[in-house]
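This is run-v5.tsv (TSV, C-alpha atoms).
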chain	number	residue	atom	x	y	z
A	1	MET	CA	-5.54	52.98	9.73
A	2	SER	CA	-2.34	52.01	11.42
A	3	ALA	CA	-4.19	51.46	14.70
A	4	GLU	CA	-6.65	49.20	12.92
A	5	GLN	CA	-3.84	47.16	11.42
A	6	HIS	CA	-2.24	46.97	14.81
A	7	THR	CA	-5.37	45.44	16.38
A	8	HIS	CA	-5.59	42.98	13.51
A	9	HIS	CA	-2.11	41.82	14.31
A	10	ASP	CA	-2.89	41.60	18.00
A	11	GLN	CA	-5.96	39.48	17.44
A	12	GLY	CA	-4.00	37.29	15.10
A	13	HIS	CA	-6.66	37.44	12.41
A	14	HIS	CA	-4.18	37.43	9.66
A	15	GLY	CA	-0.45	37.12	9.90
A	16	HIS	CA	1.06	39.47	7.38
A	17	ASP	CA	4.34	37.62	7.49
A	18	HIS	CA	4.90	36.18	4.07
A	19	ASP	CA	7.73	34.10	5.38
A	20	ASP	CA	7.24	31.34	2.85
A	21	GLY	CA	9.45	28.99	4.81
A	22	HIS	CA	10.36	27.03	1.68
A	23	ALA	CA	13.84	26.31	2.84
A	24	HIS	CA	15.43	23.99	0.34
A	25	GLY	CA	18.03	22.81	2.76
A	26	THR	CA	21.77	22.84	2.55
A	27	MET	CA	24.34	20.41	1.25
A	28	GLY	CA	25.32	19.57	4.83
A	29	GLY	CA	21.69	18.96	5.82
A	30	TYR	CA	21.10	16.59	2.91
A	31	MET	CA	24.32	14.69	3.59
A	32	ILE	CA	23.50	14.30	7.30
A	33	GLY	CA	20.01	13.08	6.39
A	34	PHE	CA	21.39	10.67	3.80
A	35	GLY	CA	24.03	9.29	6.15
A	36	LEU	CA	21.52	8.77	8.96
A	37	SER	CA	19.06	7.13	6.53
A	38	VAL	CA	21.68	4.68	5.27
A	39	ILE	CA	22.55	3.69	8.83
A	40	LEU	CA	18.91	3.49	9.92
A	41	THR	CA	18.07	1.33	6.89
A	42	ALA	CA	21.10	-0.94	7.05
A	43	ILE	CA	20.71	-1.89	10.73
A	44	PRO	CA	17.12	-3.25	10.47
A	45	PHE	CA	17.99	-5.24	7.31
A	46	TRP	CA	21.08	-6.63	9.03
A	47	LEU	CA	19.07	-7.52	12.17
A	48	VAL	CA	16.43	-9.42	10.18
A	49	MET	CA	18.81	-11.09	7.72
A	50	THR	CA	21.20	-12.38	10.38
A	51	GLY	CA	18.67	-12.77	13.20
A	52	ALA	CA	21.25	-11.17	15.47
A	53	LEU	CA	18.79	-10.54	18.32
A	54	GLY	CA	17.45	-14.08	18.31
A	55	ASN	CA	13.98	-13.13	19.52
A	56	ALA	CA	11.57	-12.34	16.65
A	57	GLN	CA	9.26	-10.17	18.73
A	58	LEU	CA	12.13	-8.08	20.12
A	59	THR	CA	13.55	-7.70	16.58
A	60	GLY	CA	10.10	-6.53	15.43
A	61	PHE	CA	9.94	-3.80	18.04
A	62	VAL	CA	13.51	-2.68	17.33
A	63	ILE	CA	13.00	-2.38	13.56
A	64	MET	CA	9.71	-0.50	14.10
A	65	ALA	CA	11.61	1.94	16.33
A	66	PHE	CA	14.27	2.36	13.62
A	67	ALA	CA	11.53	3.04	11.05
A	68	VAL	CA	9.97	5.75	13.23
A	69	VAL	CA	13.36	7.41	13.77
A	70	GLN	CA	14.11	7.26	10.04
A	71	ILE	CA	10.74	8.81	9.17
A	72	VAL	CA	11.53	11.69	11.54
A	73	VAL	CA	14.99	12.06	9.94
A	74	HIS	CA	13.40	12.24	6.46
A	75	MET	CA	10.83	14.77	7.67
A	76	ILE	CA	13.50	17.07	9.09
A	77	TYR	CA	16.35	16.77	6.58
A	78	PHE	CA	14.51	16.02	3.29
A	79	LEU	CA	11.02	17.50	3.73
A	80	HIS	CA	12.39	20.41	5.82
A	81	MET	CA	9.56	20.18	8.33
A	82	SER	CA	9.68	22.62	11.19
A	83	ALA	CA	7.14	24.13	13.54
A	84	ARG	CA	7.71	27.50	11.84
A	85	SER	CA	6.97	26.66	8.18
A	86	GLU	CA	3.71	28.22	6.90
A	87	SER	CA	3.08	29.72	10.37
A	88	GLY	CA	2.82	26.23	11.83
A	89	TRP	CA	0.01	25.01	9.58
A	90	THR	CA	2.04	22.22	8.01
A	91	MET	CA	2.84	20.96	11.49
A	92	MET	CA	-0.85	21.13	12.47
A	93	ALA	CA	-1.83	19.15	9.37
A	94	LEU	CA	0.91	16.64	10.10
A	95	ILE	CA	-0.17	16.14	13.71
A	96	PHE	CA	-3.80	15.70	12.64
A	97	THR	CA	-2.75	13.15	10.02
A	98	ILE	CA	-0.62	11.24	12.51
A	99	VAL	CA	-3.59	11.03	14.91
A	100	ILE	CA	-5.83	9.65	12.14
A	101	VAL	CA	-3.14	7.22	10.94
A	102	VAL	CA	-2.57	5.88	14.45
A	103	ILE	CA	-6.33	5.45	15.02
A	104	THR	CA	-6.76	3.72	11.65
A	105	LEU	CA	-3.83	1.36	12.10
A	106	SER	CA	-4.14	0.44	15.76
A	107	GLY	CA	-7.95	0.42	15.65
A	108	SER	CA	-8.13	-1.91	12.65
A	109	MET	CA	-5.56	-4.32	14.02
A	110	TRP	CA	-7.05	-4.33	17.52
A	111	VAL	CA	-10.65	-4.85	16.41
A	112	MET	CA	-9.86	-7.47	13.78
A	113	TYR	CA	-7.51	-9.36	16.09
A	114	HIS	CA	-10.28	-9.71	18.68
A	115	LEU	CA	-12.79	-10.61	16.00
A	116	ASN	CA	-10.54	-13.43	14.81
A	117	HIS	CA	-9.75	-14.46	18.36
A	118	ASN	CA	-13.39	-14.73	19.41
A	119	MET	CA	-14.86	-16.22	16.26
A	120	MET	CA	-12.20	-18.53	14.93
A	121	PRO	CA	-12.77	-22.19	15.76
A	122	VAL	CA	-16.38	-23.19	15.30
A	123	SER	CA	-17.00	-26.85	14.61
A	124	ALA	CA	-20.22	-28.28	13.22
A	125	HIS	CA	-21.03	-29.58	16.68
A	126	ASP	CA	-20.63	-26.10	18.27
A	127	MET	CA	-22.81	-24.63	15.57
A	128	SER	CA	-25.64	-27.04	16.35
A	129	GLN	CA	-25.47	-26.09	20.06
A	130	MET	CA	-25.78	-22.36	19.34
A	131	PRO	CA	-29.05	-20.67	20.23
B	1	MET	CA	-34.45	51.78	8.35
B	2	SER	CA	-34.30	55.48	9.08
B	3	THR	CA	-33.53	54.94	12.79
B	4	GLU	CA	-30.61	52.71	11.87
B	5	ALA	CA	-29.26	55.36	9.59
B	6	THR	CA	-29.47	57.96	12.33
B	7	ALA	CA	-27.88	55.64	14.90
B	8	MET	CA	-24.80	55.29	12.72
B	9	PRO	CA	-22.59	58.33	12.64
B	10	THR	CA	-22.19	59.15	8.99
B	11	GLY	CA	-18.86	58.39	7.38
B	12	ALA	CA	-17.63	56.16	10.24
B	13	ASN	CA	-19.35	52.88	9.49
B	14	PRO	CA	-17.58	50.07	11.31
B	15	VAL	CA	-16.09	47.55	8.86
B	16	PHE	CA	-16.41	43.93	9.90
B	17	HIS	CA	-14.67	42.44	6.90
B	18	LEU	CA	-11.44	43.08	5.08
B	19	ALA	CA	-12.07	45.97	2.75
B	20	GLU	CA	-9.82	44.35	0.18
B	21	GLU	CA	-8.20	40.96	-0.09
B	22	PRO	CA	-4.75	40.93	1.46
B	23	HIS	CA	-2.20	40.67	-1.28
B	24	HIS	CA	-0.65	37.24	-1.61
B	25	PRO	CA	2.16	36.70	-4.04
B	26	GLU	CA	1.19	34.13	-6.66
B	27	GLY	CA	1.75	30.58	-5.48
B	28	SER	CA	2.56	31.56	-1.89
B	29	SER	CA	0.09	29.03	-0.53
B	30	THR	CA	0.94	26.24	-2.99
B	31	ALA	CA	3.34	24.56	-0.59
B	32	LEU	CA	0.72	24.37	2.16
B	33	GLY	CA	-1.96	23.15	-0.26
B	34	PHE	CA	0.35	20.51	-1.65
B	35	TRP	CA	1.24	19.44	1.87
B	36	MET	CA	-2.50	18.96	2.53
B	37	TYR	CA	-2.67	16.71	-0.55
B	38	LEU	CA	0.29	14.69	0.72
B	39	MET	CA	-1.38	14.27	4.10
B	40	SER	CA	-4.57	12.98	2.45
B	41	ASP	CA	-2.44	10.64	0.35
B	42	CYS	CA	-0.89	9.52	3.61
B	43	LEU	CA	-4.38	8.51	4.79
B	44	ILE	CA	-4.83	6.33	1.67
B	45	PHE	CA	-1.61	4.54	2.56
B	46	ALA	CA	-2.70	4.29	6.21
B	47	CYS	CA	-5.82	2.41	5.09
B	48	LEU	CA	-3.76	0.11	2.86
B	49	PHE	CA	-1.27	-0.50	5.69
B	50	ALA	CA	-4.16	-1.29	8.05
B	51	THR	CA	-5.60	-3.71	5.47
B	52	PHE	CA	-2.24	-5.41	5.13
B	53	GLY	CA	-1.86	-5.49	8.90
B	54	VAL	CA	-5.20	-7.27	9.26
B	55	LEU	CA	-4.89	-9.64	6.29
B	56	GLY	CA	-1.12	-10.10	6.23
B	57	GLY	CA	-1.32	-13.39	8.08
B	58	SER	CA	-4.10	-14.97	5.98
B	59	TYR	CA	-2.18	-17.21	3.58
B	60	ALA	CA	-5.14	-19.49	2.67
B	61	GLY	CA	-2.68	-22.39	2.64
B	62	GLY	CA	-0.59	-20.57	0.04
B	63	PRO	CA	2.96	-19.21	0.19
B	64	GLY	CA	3.92	-16.83	3.01
B	65	PRO	CA	6.45	-14.00	3.20
B	66	LYS	CA	9.34	-16.34	4.02
B	67	ASP	CA	8.71	-18.34	0.83
B	68	LEU	CA	8.35	-15.30	-1.39
B	69	PHE	CA	10.41	-12.31	-0.26
B	70	ASP	CA	14.00	-11.82	-1.32
B	71	LEU	CA	15.51	-9.40	1.21
B	72	PRO	CA	18.72	-8.54	-0.72
B	73	LEU	CA	16.51	-7.47	-3.65
B	74	VAL	CA	14.37	-5.34	-1.31
B	75	ALA	CA	17.53	-3.81	0.17
B	76	LEU	CA	18.69	-2.93	-3.37
B	77	ASN	CA	15.29	-1.40	-4.09
B	78	THR	CA	15.46	0.64	-0.88
B	79	ALA	CA	18.92	1.86	-1.85
B	80	MET	CA	17.63	2.98	-5.27
B	81	LEU	CA	14.87	5.06	-3.70
B	82	LEU	CA	17.21	6.52	-1.07
B	83	PHE	CA	19.75	7.50	-3.75
B	84	SER	CA	16.98	9.11	-5.80
B	85	SER	CA	15.99	11.14	-2.72
B	86	ILE	CA	19.48	12.53	-2.19
B	87	THR	CA	19.97	13.27	-5.91
B	88	TYR	CA	16.65	15.16	-5.94
B	89	GLY	CA	18.01	17.12	-2.97
B	90	PHE	CA	21.08	18.00	-5.07
B	91	ALA	CA	18.76	19.10	-7.90
B	92	MET	CA	16.99	21.47	-5.47
B	93	LEU	CA	20.34	22.87	-4.29
B	94	ALA	CA	21.39	23.43	-7.92
B	95	MET	CA	18.02	25.09	-8.55
B	96	ASP	CA	18.60	27.47	-5.63
B	97	LYS	CA	21.89	28.50	-7.23
B	98	GLY	CA	20.11	29.00	-10.56
B	99	ARG	CA	22.17	26.43	-12.45
B	100	VAL	CA	19.91	25.01	-15.16
B	101	GLY	CA	22.37	22.40	-16.42
B	102	ALA	CA	23.15	20.96	-12.97
B	103	THR	CA	19.44	20.92	-12.07
B	104	GLN	CA	18.58	19.03	-15.24
B	105	GLY	CA	21.45	16.61	-14.70
B	106	TRP	CA	20.46	15.76	-11.12
B	107	LEU	CA	16.80	15.47	-12.16
B	108	ALA	CA	17.80	13.02	-14.89
B	109	ILE	CA	19.81	10.94	-12.40
B	110	THR	CA	16.84	11.00	-9.99
B	111	GLY	CA	14.58	9.79	-12.80
B	112	LEU	CA	16.98	6.97	-13.62
B	113	PHE	CA	17.06	5.84	-9.98
B	114	GLY	CA	13.26	6.01	-9.97
B	115	LEU	CA	13.12	3.86	-13.10
B	116	ALA	CA	15.60	1.41	-11.56
B	117	PHE	CA	13.33	1.15	-8.50
B	118	LEU	CA	10.30	0.50	-10.72
B	119	SER	CA	12.17	-2.08	-12.82
B	120	ILE	CA	13.26	-4.02	-9.74
B	121	GLU	CA	9.73	-3.89	-8.33
B	122	LEU	CA	8.19	-5.08	-11.60
B	123	TYR	CA	10.80	-7.87	-11.79
B	124	GLU	CA	9.82	-8.89	-8.25
B	125	PHE	CA	6.10	-8.84	-9.10
B	126	ALA	CA	6.67	-10.84	-12.30
B	127	HIS	CA	8.74	-13.34	-10.33
B	128	LEU	CA	5.98	-13.72	-7.69
B	129	ILE	CA	3.24	-14.13	-10.30
B	130	HIS	CA	5.37	-16.64	-12.21
B	131	GLU	CA	5.63	-18.69	-9.00
B	132	GLY	CA	1.83	-18.68	-8.72
B	133	ALA	CA	1.74	-16.05	-5.96
B	134	THR	CA	-0.82	-13.89	-7.76
B	135	PRO	CA	-3.05	-11.31	-6.06
B	136	GLN	CA	-5.91	-13.82	-6.29
B	137	ARG	CA	-4.02	-16.50	-4.34
B	138	SER	CA	-4.67	-15.30	-0.78
B	139	ALA	CA	-5.76	-12.28	1.25
B	140	PHE	CA	-2.13	-11.74	2.21
B	141	LEU	CA	-1.10	-11.48	-1.45
B	142	SER	CA	-4.11	-9.29	-2.38
B	143	SER	CA	-3.23	-6.75	0.31
B	144	PHE	CA	0.48	-7.01	-0.49
B	145	PHE	CA	0.01	-6.26	-4.19
B	146	THR	CA	-2.45	-3.44	-3.44
B	147	LEU	CA	-0.16	-1.70	-0.95
B	148	VAL	CA	3.15	-2.11	-2.78
B	149	GLY	CA	1.47	-1.60	-6.16
B	150	THR	CA	-0.12	1.68	-5.05
B	151	HIS	CA	3.28	2.92	-3.92
B	152	GLY	CA	4.80	1.81	-7.24
B	153	LEU	CA	2.03	3.65	-9.10
B	154	HIS	CA	2.87	6.81	-7.16
B	155	VAL	CA	6.53	6.45	-8.13
B	156	THR	CA	5.48	5.93	-11.78
B	157	PHE	CA	3.49	9.16	-11.76
B	158	GLY	CA	6.38	10.86	-9.97
B	159	VAL	CA	8.72	9.86	-12.82
B	160	ILE	CA	6.22	11.10	-15.44
B	161	TRP	CA	5.93	14.38	-13.53
B	162	LEU	CA	9.72	14.63	-13.31
B	163	VAL	CA	10.14	14.17	-17.08
B	164	THR	CA	7.42	16.79	-17.67
B	165	LEU	CA	9.25	19.26	-15.44
B	166	MET	CA	12.57	18.56	-17.19
B	167	VAL	CA	10.89	19.52	-20.47
B	168	GLN	CA	9.42	22.64	-18.80
B	169	VAL	CA	12.78	23.68	-17.36
B	170	GLY	CA	14.41	23.02	-20.73
B	171	LYS	CA	11.90	25.26	-22.48
B	172	HIS	CA	11.44	28.10	-19.99
B	173	GLY	CA	14.42	27.83	-17.65
B	174	LEU	CA	14.22	28.17	-13.87
B	175	ILE	CA	11.37	30.68	-13.79
B	176	ALA	CA	9.34	31.17	-10.60
B	177	ALA	CA	6.57	28.83	-11.77
B	178	ASN	CA	9.05	26.06	-12.52
B	179	ARG	CA	10.76	26.54	-9.16
B	180	ARG	CA	7.38	26.14	-7.46
B	181	ARG	CA	6.63	22.98	-9.46
B	182	LEU	CA	10.04	21.52	-8.67
B	183	MET	CA	9.46	22.24	-4.98
B	184	CYS	CA	6.12	20.39	-5.09
B	185	LEU	CA	7.68	17.39	-6.83
B	186	SER	CA	10.46	17.49	-4.22
B	187	MET	CA	7.89	17.14	-1.45
B	188	PHE	CA	6.09	14.37	-3.38
B	189	TRP	CA	9.31	12.45	-4.04
B	190	HIS	CA	10.59	12.61	-0.46
B	191	PHE	CA	7.10	11.71	0.78
B	192	LEU	CA	7.19	8.53	-1.34
B	193	ASP	CA	10.51	7.65	0.26
B	194	VAL	CA	8.90	8.10	3.70
B	195	ILE	CA	6.09	5.72	2.67
B	196	TRP	CA	8.66	3.22	1.44
B	197	ILE	CA	10.26	3.19	4.92
B	198	GLY	CA	6.90	1.96	6.19
B	199	VAL	CA	6.63	-0.60	3.38
B	200	PHE	CA	10.02	-2.23	3.77
B	201	THR	CA	9.72	-2.28	7.56
B	202	PHE	CA	6.11	-3.31	7.96
B	203	VAL	CA	5.68	-5.56	4.92
B	204	TYR	CA	9.04	-7.07	4.10
B	205	LEU	CA	11.04	-7.10	7.34
B	206	MET	CA	8.08	-7.78	9.65
B	207	GLY	CA	6.86	-10.37	7.15
B	208	MET	CA	10.11	-12.28	7.46
B	209	LEU	CA	9.67	-12.27	11.26
B	210	ARG	CA	6.10	-13.59	11.28
Mind converting the file's structure to structure tokens?
Amino acid sequence: MSAEQHTHHDQGHHGHDHDDGHAHGTMGGYMIGFGLSVILTAIPFWLVMTGALGNAQLTGFVIMAFAVVQIVVHMIYFLHMSARSESGWTMMALIFTIVIVVITLSGSMWVMYHLNHNMMPVSAHDMSQMP
Amino acid sequence: MSTEATAMPTGANPVFHLAEEPHHPEGSSTALGFWMYLMSDCLIFACLFATFGVLGGSYAGGPGPKDLFDLPLVALNTAMLLFSSITYGFAMLAMDKGRVGATQGWLAITGLFGLAFLSIELYEFAHLIHEGATPQRSAFLSSFFTLVGTHGLHVTFGVIWLVTLMVQVGKHGLIAANRRRLMCLSMFWHFLDVIWIGVFTFVYLMGMLR
């Protein structure tokens, strides 16, 4: 019986570790997360409201970068994400979701941008020349 | 049939399945299941973000982000949601220590911040509609109201859920079931804050830069 259980563990069929991994965080963790979030929110607002960088495109990239960092901060300090929780399954689900989100967002924007770009200005004269 | 029986040594049939279900404590997989729900909800928002990304520049001759958005108001809204996140964190810490009164108090404060967020958002929507910037005005406004409205709807249901749990905790105390429910709402609430990061960056701040 014990040998059978041992092989089960070796093959990884079923982890018997009921490490629930529902860490609810600590006061320090929440305060660090909150402090970082305030800073990471305030800087993009300040950049856009004052136009401190001058260049709109550069500002856009910078505030997107701040958003990504802040999302990671929230994931770690508020949602208590780690590679260990639920034997890594939450992380797997998260990675899968991120892949789908990136495909959805970048795919939609890319395809529709080119559609607009290639189909936009058609005058009545152009239309009459079309096969 | 008979040959098979003779081939098998009696009493030592190999077992290819678990003889009995492994014992899981009740609710041990709730967190993972709820996380799956949040990820699927994330896909809904991804579609709405993609729609806004595609249509966000189609003003149909109507007002654009620079005419409509009031960044100090959005900053205030963001602050409300961020405060509600940290106060919910305090509620979870109080729950871990088993303090019913402190948990209820922090939950109430979280609910009030949530209501403040919703009030500011509704004020903003009413202001936009009053100015003629209705969802029917342009594709930009349709996608804007759908995305931000869906997030607001999530927050509304989060507040309803929070009030329900406060009643539950008041009636039954911090029993295991209530702790599990509070943990799920915690994930939901922080997840909504994560979505809001995307909204204020992608919709409001990027809109002002267009």
Counting only C-alpha atoms, what are the residues of chain B within 6 Å of chain A, and for each of them which pair of atoms is the nearest and at what distance in Å, to one decimal? Sort the table by chain and rising number, as a Markdown table.
| residue | atom | partner | partner_atom | distance |
| --- | --- | --- | --- | --- |
| B:Ala46 | CA | A:Val101 | CA | 5.6 |
| B:Ala50 | CA | A:Leu105 | CA | 4.9 |
| B:Val54 | CA | A:Met109 | CA | 5.6 |
| B:Val194 | CA | A:Ile71 | CA | 5.8 |
| B:Leu209 | CA | A:Ala56 | CA | 5.7 |
Report task. One decimal, Å: what's the distance from CA of Phe113 (chain B) over to CA of Ala75 (chain B), could you say? Result ->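 About the pair CA of Phe113 (chain B) and CA of Ala75 (chain B): they are 14.0 Å apart.
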Report task. In Å, rounded to a single decimal, give me how far CA of Leu128 (chain B) is from CA of Thr150 (chain B). Result -> 16.8 Å
Write out as a PDB file with C-alpha atoms, keeping the file's coordinate frame each polymer residue whose atoms come within 10 Å of Val203 (chain B), counting only C-alpha atoms; drop sequence neighbours fewer than 2 positions from it.
ATOM      1  CA  PHE B  49      -1.270  -0.500   5.690  1.00  0.00           C
ATOM      2  CA  PHE B  52      -2.240  -5.410   5.130  1.00  0.00           C
ATOM      3  CA  GLY B  53      -1.860  -5.490   8.900  1.00  0.00           C
ATOM      4  CA  GLY B  56      -1.120 -10.100   6.230  1.00  0.00           C
ATOM      5  CA  PRO B  65       6.450 -14.000   3.200  1.00  0.00           C
ATOM      6  CA  PHE B  69      10.410 -12.310  -0.260  1.00  0.00           C
ATOM      7  CA  PHE B 144       0.480  -7.010  -0.490  1.00  0.00           C
ATOM      8  CA  LEU B 147      -0.160  -1.700  -0.950  1.00  0.00           C
ATOM      9  CA  VAL B 148       3.150  -2.110  -2.780  1.00  0.00           C
ATOM     10  CA  TRP B 196       8.660   3.220   1.440  1.00  0.00           C
ATOM     11  CA  ILE B 197      10.260   3.190   4.920  1.00  0.00           C
ATOM     12  CA  GLY B 198       6.900   1.960   6.190  1.00  0.00           C
ATOM     13  CA  VAL B 199       6.630  -0.600   3.380  1.00  0.00           C
ATOM     14  CA  PHE B 200      10.020  -2.230   3.770  1.00  0.00           C
ATOM     15  CA  THR B 201       9.720  -2.280   7.560  1.00  0.00           C
ATOM     16  CA  LEU B 205      11.040  -7.100   7.340  1.00  0.00           C
ATOM     17  CA  MET B 206       8.080  -7.780   9.650  1.00  0.00           C
ATOM     18  CA  GLY B 207       6.860 -10.370   7.150  1.00  0.00           C
ATOM     19  CA  MET B 208      10.110 -12.280   7.460  1.00  0.00           C
TER      20      MET B 208
END
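Of note, CA of Met166 (chain B) and CA of Leu81 (chain B) are spaced 19.2 Å apart.
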Query - Shell of 12 Å around Gly114 (chain B), only C-alpha atoms, local chain residues under 6 positions omitted, as a PyMOL selection string - result: chain B and resi 77-88+107-108+120-121+152-163+189-190+192-193
Requested in this report: Scan for residues within 10 Å of the point (18.4, 20.7, -15.3) in the coordinates of the file, using only C-alpha atoms, and reply as a ChimeraX atom specification.
Outcome: /B:91-92,94-95,98-108,165-170,173-174
Query - Best match for closeness to Ser87 (chain A) among B:Ser29, B:Ser186, B:Ser143, B:Ser58, counting only C-alpha atoms - result: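 Going through B:Ser29, B:Ser186, B:Ser143, B:Ser58 one by one, the smallest distance to Ser87 (chain A) is for B:Ser29.
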